[in-house]
2 protein chains.
Amino acid sequence: MLDIIEKTRDHVPLTQDDIVRLITGIVDNSWPDYQLSAWLMAATLNGLTDEETFQLTGAMAFSNGQPDPLGVVDKHSTGGVGDKTTLVLAPIVASLGIPMAKMSGRGLGHTGGTLDKLESIPGFRTALSPEEIQRQVTEVGVAVVAQTEELAPADRRLYALRDVTGTVNQVSLIASSVMSKKLAAGTPNLVLDVKVGSGAFMADVEQARVLARLMVNIGRYYNRRVTALITSMDQPLGWAVGNAIEVNEARDCLLGKGPDDLREEVIHLSAEMVRLASDQSLDDALMAVKRVLDDGRAWETFQRWIARQGGLVEALSQPLTLAPIKREWRAHSAGTIVSIDTRKIGRASLELGAGRHRLDDSIDPQVGLLCYAKIGTAFTPGDLMGIVYARTEDRAVSALRLLEASIQWGESATPPSLILDRLGH
Amino acid sequence: MLDIIEKTRDHVPLTQDDIVRLITGIVDNSWPDYQLSAWLMAATLNGLTDEETFQLTGAMAFSNGQPDPLGVVDKHSTGGVGDKTTLVLAPIVASLGIPMAKMSGRGLGHTGGTLDKLESIPGFRTALSPEEIQRQVTEVGVAVVAQTEELAPADRRLYALRDVTGTVNQVSLIASSVMSKKLAAGTPNLVLDVKVGSGAFMADVEQARVLARLMVNIGRYYNRRVTALITSMDQPLGWAVGNAIEVNEARDCLLGKGPDDLREEVIHLSAEMVRLASDQSLDDALMAVKRVLDDGRAWETFQRWIARQGGLVEALSQPLTLAPIKREWRAHSAGTIVSIDTRKIGRASLELGAGRHRLDDSIDPQVGLLCYAKIGTAFTPGDLMGIVYARTEDRAVSALRLLEASIQWGESATPPSLILDRLGH
């Protein structure tokens with residue numbers, strides 16, 4: 001396997017055969033971790049060609065053969081703070097007759113995970129068998145479940161190593177990791193939400209475009225229709241950051257309430273999904289999406305979906321209960337917010353207990369925060385900027401300190417656009 | 001430890017404190033291999049600064065404290081084919097009253113090891129306690145022994161990983177590996193033999209100069225006097241390649257016989273050692289060296305040394321016995337040798353059983369070869385170009401084939417200079 005490491009080290013492109021050997025060795029554990037991590041660092045510093053990235057993605061995706069697709073459209077977000085869009089757009093899309101089966105992940109570090117959020121609904125189950133998923137998608141039109149062990153096993157091993165070897169942030173490795181799971185799930189249409197800004201992996205739009213373009217091209221190479229939206233993560237999406245508290249905000253959105261930015265992003269992502277899956281124009285898709293969101297059909301689908309996965313629908317007749325210690329975050333002085341360190345807001349939620357430092361940490365579904373602070377908004381002393389829901393007084397204080405530290409004040413600032421670019425199909 | 005990987009990945013120099021943490025983590029095994037190998041690849045591709053290299057070398061050398069020096073002068077070769085200089089120069093230097101205690105290594109791949117060669121003398125012991133070494137150096141003036149487990153333990157672990165992760169050939173890692181062991185042994189004067197050419201790690205002189213300069217500077221940083229000779233490895237040194245067969249050639253050299261190039265290189269390396277250790281001029285040192293080589297004193301010291309380490313001196317009254325199957329290598333056509341792939345000649349010896357593919361392979365001390373082919377020498381059909389000593393007929397044939405393949409024929413060529421450059425103290 002040394003020759004594969006040496007090729008990437010010396011900028012010699014791997015052949016398709018090299019890449020198949022690489023992935024086979026990862027899946028059957030014949031490659032030791034120390035060789036894999038040396039290869040990952042070489043790939044991180046020297047990059048991979050597009051052709052290598054296509055082959056790598058395909059080899060990871062199809063190491064267990066080609067599966068039958070479960071839904072007709074899927075969505076993936078590169079991860080942000082307060083991103084509860086899946087909870088709203090899945091029932092919207094299903095309400096329009098488009099089946100959606102989504103494998104989701106858990107939160108790690110400053111970003112949350114859709115599975116954790118859904119599990120804050122009492123009774124909700126995320127571990128479904130392929131047969132259960134298939135039946136549920138046919139009958140309810142939507143299922144959001146945990147990734148099965150068999151899906152893209154090479155990616156799981158590579159990802160675990162990347163996390164501890166400083167090789168997470170390489171565009172080909174990110175793209176192949178994301179796309180291998182999506183190709184493995186078999187769904188023919190995919191909308192990517194590539195987030196950029198202070199709360200995202202990608203710090204600038206150009207970097208995000210490179211990643212988005214590469215993922216679109218991987219999809220094209222394997223005959224998938226892929227659209228990528230580049231969206232701003234310069235501030236949290238919506239107000240709520242946590243688990244139950246984000247379910248409550250998603251519920252508000254389905255009931256026509258809650259923050260505008262969440263509604264806007266949900267509508268755009270849903271419309272792209274509908275457009276891809278049904279060949280409507282984007283305008284028609286936007287109208288259709290707004291209709292099912294506003295006439296209550298999406299909310300009805302949401303309740304049926306949650307119930308079908310074991311969730312107590314009665315619990316959703318009102319907002320879910322939050323942690324008992326509620327502390328307000330208020331402005332000390334007058335000014336306008338000119339920038340937000342969104343990662344710090346994610347960390348505030350993490351420190352409250354809503355997230356994980358390590359994959360085997362447990363989370364507290366009832367803690368979290370609301371952040372009303374948005375770029376361009378002016379506050380005067382005493383104005384309510386947010387609310388923290390904590391399990392202990394100490395943690396509430398730490399979270400408030402992080403929120404405070406996340407804000408840069410100034411004279412004036414323009415609110416950032418939510419949708420920064422659109423690429424692909 | 002992730003921050004150390006990320007710094008080197010991002011070209012941020014490690015602080016002294018980072019490097020101490022790195023080496024401590026290697027020695028106490030708290031760094032997993034997969035993180036070490038990611039760091040090694042980052043260091044290989046991005047390089048390390050001189051200051052980082054100095055600190056790395058010192059941290060590896062002194063992780064077990066500062067030892068008392070055993071001899072006053074030491075020599076290190078970066079490894080070549082047919083390099084038996086230590087066997088001759090150690091008794092020369094000792095004959096001039098300069099104590100020399102040398103830790104040596106075993107052969108791996110196409111290069112041989114001094115310990116293996118010495119062990120082909122019946123009875124010779126290389127595992128001596130520090131007390132035995134000290135006493136022997138005081139009484140005989142010379143000891144050549146196996147590296148103890150406690151010497152620069154971080155280097156041992158790093159070297160094993162580099163070997164399997166494509167990170168062997170990085171100048172700072174090579175220099176710190178060599179110099180950490182030399183610093184750990186405590187010897188105040190050091191002569192380096194940096195080999196360059198088709199049988200060496202370093203393929204060109206400029207690369208070799210960079211490595212030599214770095215090692216000299218590491219020595220200077222830690223108050224050692226270091227001289228580096230850059231010597232040609234475009235053809236084997238001398239004629240003999242193997243173990244017993246190289247002892248025989250070293251014996252010849254001590255008796256005033258054998259190939260000229262070996263004698264010349266031994267004299268130059270010895271003289272540099274004498275110069276460093278006794279503050280004589282190089283010319284005086286050269287004269288003194290030739291005197292003890294020619295008047296038999298070096299040969300007497302050699303016998304006393306071998307006997308003191310358990311070797312049967314009677315066995316040295318004649319050449320050591322070689323393997324029974326002796327096959328001649330003869331020229332097929334007329335021509336002049338214009339280049340030699342020296343690595344192939346090392347491989348011929350390796351395939352005969354004189355070397356190791358892996359560190360735990362055993363070797364056959366009696367197999368080996370003589371290669372009379374030298375660049376610039378003309379041959380006519382039927383001329384003797386070399387001799388192979390093999391254990392089996394098959395292996396003899398394979399070795400002859402490799403020897404044949406190592407030669408490029410042409411019209412004419414100038415024999416390469418043996419000593420290409422000299423740097424340092």
# chains A, B, ... in the order shown; residues from 1 in each chain; ligands from 1
>>> residues_around(residues="Arg125 in chain A", least_positions_apart="5", cutoff="7 Å", atoms="only C-alpha atoms", output="NGL selection string")
:A and (119 or 309-310)
>>> interface_residues(of="chain B", to="chain A", cutoff="10 Å", atoms="only C-alpha atoms", output="ChimeraX atom specification")
/B:1-10,32-46,161-167
>>> residues_around(residues="Ala240 in chain B", least_positions_apart="5", cutoff="6 Å", atoms="only C-alpha atoms", output="PDB file with C-alpha atoms, in the first residue's frame")
ATOM      1  CA  GLY B  82      30.034  -2.444   0.203  1.00  0.00           C
ATOM      2  CA  ILE B 245      33.299 -11.378   2.316  1.00  0.00           C
ATOM      3  CA  GLU B 246      33.444  -7.734   3.465  1.00  0.00           C
ATOM      4  CA  LEU B 369      29.764 -11.152  -4.132  1.00  0.00           C
ATOM      5  CA  LEU B 370      32.832  -9.437  -5.525  1.00  0.00           C
TER       6      LEU B 370
END
>>> select_by_dssp(residues="range 16-132 of chain A", states="strand (DSSP E or B)", output="list in words")
Val73, Asp74, Lys75, His76, Ser77, Met100, Ala101, Lys102, Met103, Ser104, Leu108 and Thr111 of chain A
>>> residues_around(residues="range 206-213 of chain B", least_positions_apart="6", cutoff="9 Å", atoms="only C-alpha atoms", output="list in words")
Val171, Ser172, Ile174, Ala175, Leu192, Asp193, Val194, Lys195, Val196, Thr227, Ala228, Leu229, Ile230, Asp421, Arg422, Leu423 and Gly424 of chain B
>>> residues_around(residues="range 404-410 of chain B", least_positions_apart="4", cutoff="9 Å", atoms="only C-alpha atoms", output="VMD selection string")
chain B and resid 329 331 334 to 345 373 399 to 400
>>> write_last_selection(atoms="C-alpha atoms", output="mmCIF file, in the first residue's frame")
data_model
loop_
_atom_site.group_PDB
_atom_site.id
_atom_site.type_symbol
_atom_site.label_atom_id
_atom_site.label_comp_id
_atom_site.auth_asym_id
_atom_site.auth_seq_id
_atom_site.Cartn_x
_atom_site.Cartn_y
_atom_site.Cartn_z
ATOM 1 C CA TRP B 329 30.649 -13.145 -13.754
ATOM 2 C CA ALA B 331 32.051 -9.920 -19.789
ATOM 3 C CA ALA B 334 33.830 -5.412 -25.340
ATOM 4 C CA GLY B 335 33.180 -1.968 -23.904
ATOM 5 C CA THR B 336 33.641 0.486 -21.075
ATOM 6 C CA ILE B 337 31.386 0.732 -18.054
ATOM 7 C CA VAL B 338 29.740 4.174 -18.065
ATOM 8 C CA SER B 339 27.363 3.783 -15.126
ATOM 9 C CA ILE B 340 26.368 1.268 -12.482
ATOM 10 C CA ASP B 341 23.002 0.891 -10.781
ATOM 11 C CA THR B 342 24.594 0.283 -7.397
ATOM 12 C CA ARG B 343 21.243 -0.415 -5.764
ATOM 13 C CA LYS B 344 20.874 -3.461 -8.026
ATOM 14 C CA ILE B 345 24.235 -4.763 -6.781
ATOM 15 C CA ALA B 373 33.305 -3.695 -12.460
ATOM 16 C CA ALA B 399 22.407 -12.647 -8.537
ATOM 17 C CA LEU B 400 24.414 -12.850 -11.777
#
>>> select_by_dssp(residues="range 173-373 of chain A", states="alpha helix (DSSP H)", output="PyMOL selection string")
chain A and resi 173-185+205-221+244-254+260-278+282-294+297-308+342-349
>>> decode(residues="range 347-360 of chain A", atoms="all heavy atoms", output="PDB file, in the first residue's frame")
ATOM      1  N   ARG A 347     -21.062  26.893  20.261  1.00  0.00           N
ATOM      2  CA  ARG A 347     -20.361  26.424  21.448  1.00  0.00           C
ATOM      3  C   ARG A 347     -21.166  26.685  22.709  1.00  0.00           C
ATOM      4  O   ARG A 347     -21.144  25.888  23.654  1.00  0.00           O
ATOM      5  CB  ARG A 347     -18.985  27.093  21.561  1.00  0.00           C
ATOM      6  CG  ARG A 347     -17.947  26.319  20.766  1.00  0.00           C
ATOM      7  CD  ARG A 347     -16.529  26.446  21.301  1.00  0.00           C
ATOM      8  NE  ARG A 347     -16.421  26.703  22.722  1.00  0.00           N
ATOM      9  CZ  ARG A 347     -15.630  27.659  23.250  1.00  0.00           C
ATOM     10  NH1 ARG A 347     -14.912  28.429  22.462  1.00  0.00           N
ATOM     11  NH2 ARG A 347     -15.573  27.824  24.561  1.00  0.00           N
ATOM     12  N   ALA A 348     -21.907  27.801  22.735  1.00  0.00           N
ATOM     13  CA  ALA A 348     -22.748  28.085  23.901  1.00  0.00           C
ATOM     14  C   ALA A 348     -23.775  26.969  24.075  1.00  0.00           C
ATOM     15  O   ALA A 348     -23.998  26.462  25.182  1.00  0.00           O
ATOM     16  CB  ALA A 348     -23.442  29.432  23.728  1.00  0.00           C
ATOM     17  N   SER A 349     -24.369  26.551  22.965  1.00  0.00           N
ATOM     18  CA  SER A 349     -25.349  25.457  23.004  1.00  0.00           C
ATOM     19  C   SER A 349     -24.663  24.144  23.432  1.00  0.00           C
ATOM     20  O   SER A 349     -25.177  23.391  24.268  1.00  0.00           O
ATOM     21  CB  SER A 349     -26.002  25.314  21.625  1.00  0.00           C
ATOM     22  OG  SER A 349     -26.787  24.154  21.561  1.00  0.00           O
ATOM     23  N   LEU A 350     -23.484  23.908  22.878  1.00  0.00           N
ATOM     24  CA  LEU A 350     -22.696  22.726  23.224  1.00  0.00           C
ATOM     25  C   LEU A 350     -22.394  22.694  24.722  1.00  0.00           C
ATOM     26  O   LEU A 350     -22.590  21.665  25.396  1.00  0.00           O
ATOM     27  CB  LEU A 350     -21.397  22.771  22.413  1.00  0.00           C
ATOM     28  CG  LEU A 350     -20.311  21.719  22.635  1.00  0.00           C
ATOM     29  CD1 LEU A 350     -20.830  20.340  22.256  1.00  0.00           C
ATOM     30  CD2 LEU A 350     -19.069  22.043  21.806  1.00  0.00           C
ATOM     31  N   GLU A 351     -21.966  23.834  25.263  1.00  0.00           N
ATOM     32  CA  GLU A 351     -21.595  23.883  26.684  1.00  0.00           C
ATOM     33  C   GLU A 351     -22.825  23.750  27.591  1.00  0.00           C
ATOM     34  O   GLU A 351     -22.723  23.271  28.712  1.00  0.00           O
ATOM     35  CB  GLU A 351     -20.834  25.172  27.009  1.00  0.00           C
ATOM     36  CG  GLU A 351     -19.532  25.373  26.224  1.00  0.00           C
ATOM     37  CD  GLU A 351     -18.500  24.256  26.426  1.00  0.00           C
ATOM     38  OE1 GLU A 351     -18.569  23.562  27.474  1.00  0.00           O
ATOM     39  OE2 GLU A 351     -17.639  24.062  25.539  1.00  0.00           O
ATOM     40  N   LEU A 352     -23.988  24.146  27.082  1.00  0.00           N
ATOM     41  CA  LEU A 352     -25.227  23.943  27.856  1.00  0.00           C
ATOM     42  C   LEU A 352     -25.552  22.451  27.960  1.00  0.00           C
ATOM     43  O   LEU A 352     -26.321  22.034  28.820  1.00  0.00           O
ATOM     44  CB  LEU A 352     -26.394  24.676  27.179  1.00  0.00           C
ATOM     45  CG  LEU A 352     -26.446  26.198  27.369  1.00  0.00           C
ATOM     46  CD1 LEU A 352     -27.489  26.801  26.430  1.00  0.00           C
ATOM     47  CD2 LEU A 352     -26.756  26.540  28.826  1.00  0.00           C
ATOM     48  N   GLY A 353     -24.993  21.642  27.055  1.00  0.00           N
ATOM     49  CA  GLY A 353     -25.242  20.190  27.081  1.00  0.00           C
ATOM     50  C   GLY A 353     -26.052  19.712  25.896  1.00  0.00           C
ATOM     51  O   GLY A 353     -26.430  18.541  25.826  1.00  0.00           O
ATOM     52  N   ALA A 354     -26.320  20.613  24.933  1.00  0.00           N
ATOM     53  CA  ALA A 354     -27.149  20.241  23.783  1.00  0.00           C
ATOM     54  C   ALA A 354     -26.357  19.492  22.712  1.00  0.00           C
ATOM     55  O   ALA A 354     -26.938  18.923  21.794  1.00  0.00           O
ATOM     56  CB  ALA A 354     -27.786  21.484  23.167  1.00  0.00           C
ATOM     57  N   GLY A 355     -25.028  19.521  22.812  1.00  0.00           N
ATOM     58  CA  GLY A 355     -24.206  18.885  21.776  1.00  0.00           C
ATOM     59  C   GLY A 355     -23.164  17.965  22.373  1.00  0.00           C
ATOM     60  O   GLY A 355     -23.179  17.663  23.567  1.00  0.00           O
ATOM     61  N   ARG A 356     -22.298  17.489  21.513  1.00  0.00           N
ATOM     62  CA  ARG A 356     -21.286  16.514  21.897  1.00  0.00           C
ATOM     63  C   ARG A 356     -19.887  17.037  21.611  1.00  0.00           C
ATOM     64  O   ARG A 356     -19.624  17.539  20.535  1.00  0.00           O
ATOM     65  CB  ARG A 356     -21.415  15.234  21.054  1.00  0.00           C
ATOM     66  CG  ARG A 356     -22.636  14.449  21.296  1.00  0.00           C
ATOM     67  CD  ARG A 356     -22.633  13.184  20.433  1.00  0.00           C
ATOM     68  NE  ARG A 356     -23.879  12.475  20.616  1.00  0.00           N
ATOM     69  CZ  ARG A 356     -25.005  12.789  20.019  1.00  0.00           C
ATOM     70  NH1 ARG A 356     -25.019  13.781  19.149  1.00  0.00           N
ATOM     71  NH2 ARG A 356     -26.111  12.111  20.275  1.00  0.00           N
ATOM     72  N   HIS A 357     -18.985  16.850  22.596  1.00  0.00           N
ATOM     73  CA  HIS A 357     -17.562  17.043  22.320  1.00  0.00           C
ATOM     74  C   HIS A 357     -17.026  15.830  21.582  1.00  0.00           C
ATOM     75  O   HIS A 357     -16.231  15.935  20.669  1.00  0.00           O
ATOM     76  CB  HIS A 357     -16.779  17.245  23.625  1.00  0.00           C
ATOM     77  CG  HIS A 357     -17.000  18.568  24.258  1.00  0.00           C
ATOM     78  ND1 HIS A 357     -16.376  19.704  23.808  1.00  0.00           N
ATOM     79  CD2 HIS A 357     -17.790  18.953  25.295  1.00  0.00           C
ATOM     80  CE1 HIS A 357     -16.761  20.723  24.544  1.00  0.00           C
ATOM     81  NE2 HIS A 357     -17.621  20.302  25.457  1.00  0.00           N
ATOM     82  N   ARG A 358     -17.464  14.637  22.021  1.00  0.00           N
ATOM     83  CA  ARG A 358     -17.035  13.385  21.389  1.00  0.00           C
ATOM     84  C   ARG A 358     -18.266  12.607  20.979  1.00  0.00           C
ATOM     85  O   ARG A 358     -19.341  12.776  21.533  1.00  0.00           O
ATOM     86  CB  ARG A 358     -16.218  12.543  22.373  1.00  0.00           C
ATOM     87  CG  ARG A 358     -14.915  13.173  22.842  1.00  0.00           C
ATOM     88  CD  ARG A 358     -14.524  12.599  24.216  1.00  0.00           C
ATOM     89  NE  ARG A 358     -14.756  11.158  24.227  1.00  0.00           N
ATOM     90  CZ  ARG A 358     -13.786  10.233  24.173  1.00  0.00           C
ATOM     91  NH1 ARG A 358     -12.531  10.618  24.137  1.00  0.00           N
ATOM     92  NH2 ARG A 358     -14.063   8.942  24.158  1.00  0.00           N
ATOM     93  N   LEU A 359     -18.070  11.712  20.002  1.00  0.00           N
ATOM     94  CA  LEU A 359     -19.217  11.001  19.436  1.00  0.00           C
ATOM     95  C   LEU A 359     -19.985  10.190  20.468  1.00  0.00           C
ATOM     96  O   LEU A 359     -21.172   9.927  20.302  1.00  0.00           O
ATOM     97  CB  LEU A 359     -18.760  10.085  18.295  1.00  0.00           C
ATOM     98  CG  LEU A 359     -18.848  10.695  16.895  1.00  0.00           C
ATOM     99  CD1 LEU A 359     -18.239   9.779  15.866  1.00  0.00           C
ATOM    100  CD2 LEU A 359     -20.299  11.015  16.531  1.00  0.00           C
ATOM    101  N   ASP A 360     -19.333   9.763  21.561  1.00  0.00           N
ATOM    102  CA  ASP A 360     -20.055   8.930  22.535  1.00  0.00           C
ATOM    103  C   ASP A 360     -20.582   9.730  23.723  1.00  0.00           C
ATOM    104  O   ASP A 360     -21.082   9.154  24.684  1.00  0.00           O
ATOM    105  CB  ASP A 360     -19.186   7.739  22.989  1.00  0.00           C
ATOM    106  CG  ASP A 360     -17.817   8.171  23.467  1.00  0.00           C
ATOM    107  OD1 ASP A 360     -17.539   9.390  23.424  1.00  0.00           O
ATOM    108  OD2 ASP A 360     -17.032   7.304  23.892  1.00  0.00           O
TER     109      ASP A 360
END
